[in-house]
Amino acid sequence: MKDWFYDESNHVGVDYSQKESADVYDEQMDFRDYAGEVKAFLEKTGISEPENLIAADLGCGTGAFAIHAAKYFKKVYAADVSEEMQRIARAKAEADGINNIDFVQSGFLQFLPDEKVDVVNSKWALHHIPDYWKQAALLKMNAMLKPGGILFLADFVFQFDPDFEENTDTMLTDLLKEHDEDFVEECKTHIKEEYSTFDWILRGMIERAGFSIESVEQDDNLADEYLCRKIKSFE
Ligand SMILES: C[S@@+](CC[C@H](N)C(=O)[O-])C[C@H]1O[C@@H](n2cnc3c(N)ncnc32)[C@H](O)[C@@H]1O
């Protein structure tokens with residue numbers, strides 16, 4: 001590896017390489033309906049015969065997507081830099097008798113499956129690397145996808161104009177109306193230490209990485225979902 005290359009084992013913000021952080025994350029996510037998320041994913045992407053397709057989940061965490069996606073897709077590659085997050089995901093797969101997930105301890109910038117995939121999913125993970133490297137990660141996603149393949153990218157993205165100070169205060173005040181103080185403190189750590197970017201920057205990076213953005217879903221706070229299709233190859 002070149003000596004100027006980004007070190008993905010160096011966690012920013014929440015350190016998911018630690019057993020405790022991984023366990024806490026998995027417990028905190030208890031409120032999510034993972035099976036429902038995968039069903040919604042299939043509807044939003046319009047995928048009708050997943051049993052013939054190969055998916056890759058990048059920043060797979062404790063298996064949010066991969067475990068349920070494996071029940072539909074022929075095969076799922078599940079990559080994450082954290083061995084501890086994957087430990088939990090592997091245990092879930094084993095408990096469910098799932099054997100078509102290929103778990104790989106690897107990051108956005110290194111992971112390249114042995115075969116081209118039809119779909120890349122990544123949820124709430126890309127903000128762990130800086131923008132320069134997000135662009136590199138998006139090019140890697142392009143490289144692993146078949147022509148016309150789907151990228152479904154969900155992440156925390158700032159939707160407001162670059163008047164960041166006032167808008168950040170407003171956003172935090174709004175969040176406090178719906179969530180407890182712990183949640184808002186976590187958001188502050190996210191803003192201070194992690195690498196969420198502006199929606200308009202991410203859109204530019206996605207397009208420069210050879211994708212067309214087919215639709216974008218935004219919630220009132222930070223979360224965006226980009227449904228994209230590979231329209232250009234760089235090989
Ligand atoms: C907030 S969790 C999201 C996990 C999962 N996608 C979900 O929906 O619950 C962020 C994940 O990104 C992983 N991560 C951080 N940096 C990464 C990198 N450079 N490449 C791949 N995964 C990374 C962390 O280890 C963690 O598992």
# chains A, B, ... in the order shown; residues from 1 in each chain; ligands from 1

call {"tool": "select_by_dssp", "arguments": {"residues": "region 100-203 of chain A", "states": "helix (DSSP H, G or I)", "output": "ChimeraX atom specification"}}
result
/A:126-128,131-144,164-178,181-193,199-203

call {"tool": "residues_around", "arguments": {"residues": "region 208-212 of chain A", "least_positions_apart": "4", "cutoff": "6 Å", "atoms": "only C-alpha atoms", "output": "list in words"}}
result
Leu138, Leu139, Cys228, Arg229, Lys230, Ile231 and Lys232 of chain A

call {"tool": "select_by_dssp", "arguments": {"residues": "region 113-208 of chain A", "states": "strand (DSSP E or B)", "output": "list of chain:residue names"}}
result
A:Val117, A:Asp118, A:Val119, A:Val120, A:Asn121, A:Ser122, A:Lys123, A:Leu145, A:Lys146, A:Pro147, A:Gly148, A:Gly149, A:Ile150, A:Leu151, A:Phe152, A:Leu153, A:Ala154, A:Asp155, A:Phe156, A:Phe158, A:Phe198

call {"tool": "residues_around", "arguments": {"residues": "Met141 (chain A)", "least_positions_apart": "6", "cutoff": "12 Å", "atoms": "only C-alpha atoms", "output": "PyMOL selection string"}}
result
chain A and resi 55-58+107-113+116-122+126+134-135+147+149-153+206+209-211+228-230+232-234

call {"tool": "residues_near_ligand", "arguments": {"ligand": "ligand 1", "cutoff": "9 Å", "atoms": "only C-alpha atoms and all ligand atoms", "output": "PyMOL selection string"}}
result
chain A and resi 6-12+14-17+22+25-26+29+34+57-66+79-86+105-111+121-129+137+154

call {"tool": "atom_distance", "arguments": {"atom1": "CA of Arg90 (chain A)", "atom2": "CA of Arg32 (chain A)"}}
result
18.6 Å

call {"tool": "atom_distance", "arguments": {"atom1": "CA of Lys71 (chain A)", "atom2": "CA of Asp96 (chain A)"}}
result
9.9 Å

call {"tool": "residues_around", "arguments": {"residues": "Met171 (chain A)", "least_positions_apart": "5", "cutoff": "12 Å", "atoms": "only C-alpha atoms", "output": "ChimeraX atom specification"}}
result
/A:158-160,164-166,176-178,184,187-188,191,220-222

call {"tool": "atom_distance", "arguments": {"atom1": "CA of Ala40 (chain A)", "atom2": "CA of Glu217 (chain A)"}}
result
12.6 Å

call {"tool": "closest_residue", "arguments": {"among": "A:Ile88, A:Leu53, A:Ala136, A:Ala78", "to": "Phe103 (chain A)", "atoms": "only C-alpha atoms"}}
result
A:Ala78

call {"tool": "decode", "arguments": {"residues": "region 136-148 of chain A", "atoms": "all heavy atoms", "output": "compact mmCIF listing (two decimals), in the first residue's frame"}}
result
# COMPACT_ATOMS: atom_id res chain seq x y z
N ALA A 136 -12.91 8.04 -3.65
CA ALA A 136 -12.17 6.80 -3.98
C ALA A 136 -13.06 5.58 -3.69
O ALA A 136 -13.08 4.61 -4.47
CB ALA A 136 -10.89 6.72 -3.16
N ALA A 137 -13.80 5.62 -2.59
CA ALA A 137 -14.67 4.50 -2.22
C ALA A 137 -15.77 4.32 -3.28
O ALA A 137 -16.10 3.19 -3.66
CB ALA A 137 -15.30 4.76 -0.85
N LEU A 138 -16.32 5.44 -3.77
CA LEU A 138 -17.39 5.35 -4.78
C LEU A 138 -16.85 4.76 -6.09
O LEU A 138 -17.53 4.00 -6.77
CB LEU A 138 -18.01 6.73 -5.01
CG LEU A 138 -18.91 7.19 -3.86
CD1 LEU A 138 -19.11 8.72 -3.88
CD2 LEU A 138 -20.28 6.49 -3.93
N LEU A 139 -15.60 5.10 -6.41
CA LEU A 139 -14.99 4.51 -7.61
C LEU A 139 -14.80 3.00 -7.43
O LEU A 139 -14.95 2.22 -8.38
CB LEU A 139 -13.63 5.18 -7.91
CG LEU A 139 -13.73 6.59 -8.49
CD1 LEU A 139 -12.37 7.28 -8.45
CD2 LEU A 139 -14.27 6.56 -9.92
N LYS A 140 -14.48 2.59 -6.21
CA LYS A 140 -14.32 1.16 -5.92
C LYS A 140 -15.68 0.45 -6.06
O LYS A 140 -15.76 -0.66 -6.58
CB LYS A 140 -13.81 1.04 -4.48
CG LYS A 140 -13.14 -0.24 -4.15
CD LYS A 140 -11.67 -0.16 -4.48
CE LYS A 140 -10.95 -1.41 -4.02
NZ LYS A 140 -9.59 -1.45 -4.53
N MET A 141 -16.74 1.13 -5.61
CA MET A 141 -18.09 0.55 -5.75
C MET A 141 -18.41 0.37 -7.23
O MET A 141 -18.98 -0.63 -7.65
CB MET A 141 -19.15 1.43 -5.09
CG MET A 141 -18.99 1.53 -3.58
SD MET A 141 -20.19 2.70 -2.88
CE MET A 141 -19.44 3.07 -1.30
N ASN A 142 -18.05 1.38 -8.02
CA ASN A 142 -18.26 1.29 -9.46
C ASN A 142 -17.52 0.07 -10.01
O ASN A 142 -18.08 -0.72 -10.78
CB ASN A 142 -17.77 2.58 -10.14
CG ASN A 142 -17.91 2.53 -11.65
OD1 ASN A 142 -17.33 1.67 -12.30
ND2 ASN A 142 -18.67 3.46 -12.21
N ALA A 143 -16.27 -0.10 -9.58
CA ALA A 143 -15.43 -1.19 -10.11
C ALA A 143 -16.00 -2.57 -9.78
O ALA A 143 -15.84 -3.51 -10.55
CB ALA A 143 -14.01 -1.06 -9.57
N MET A 144 -16.68 -2.70 -8.63
CA MET A 144 -17.17 -4.03 -8.28
C MET A 144 -18.54 -4.34 -8.90
O MET A 144 -18.99 -5.48 -8.87
CB MET A 144 -17.20 -4.21 -6.75
CG MET A 144 -18.23 -3.46 -5.99
SD MET A 144 -18.10 -3.72 -4.20
CE MET A 144 -16.66 -2.77 -3.77
N LEU A 145 -19.21 -3.32 -9.46
CA LEU A 145 -20.55 -3.54 -10.01
C LEU A 145 -20.53 -3.93 -11.50
O LEU A 145 -19.68 -3.45 -12.27
CB LEU A 145 -21.38 -2.26 -9.87
CG LEU A 145 -22.10 -2.06 -8.55
CD1 LEU A 145 -22.58 -0.61 -8.42
CD2 LEU A 145 -23.30 -3.01 -8.42
N LYS A 146 -21.49 -4.76 -11.89
CA LYS A 146 -21.69 -5.04 -13.32
C LYS A 146 -22.24 -3.78 -13.99
O LYS A 146 -22.85 -2.94 -13.30
CB LYS A 146 -22.73 -6.16 -13.47
CG LYS A 146 -22.26 -7.51 -12.95
CD LYS A 146 -23.37 -8.55 -13.07
CE LYS A 146 -22.95 -9.82 -12.39
NZ LYS A 146 -24.05 -10.79 -12.23
N PRO A 147 -22.09 -3.63 -15.30
CA PRO A 147 -22.69 -2.48 -15.99
C PRO A 147 -24.20 -2.45 -15.70
O PRO A 147 -24.86 -3.48 -15.73
CB PRO A 147 -22.43 -2.77 -17.47
CG PRO A 147 -21.25 -3.69 -17.47
CD PRO A 147 -21.35 -4.52 -16.21
N GLY A 148 -24.73 -1.28 -15.39
CA GLY A 148 -26.16 -1.16 -15.09
C GLY A 148 -26.50 -1.56 -13.66
O GLY A 148 -27.67 -1.51 -13.26
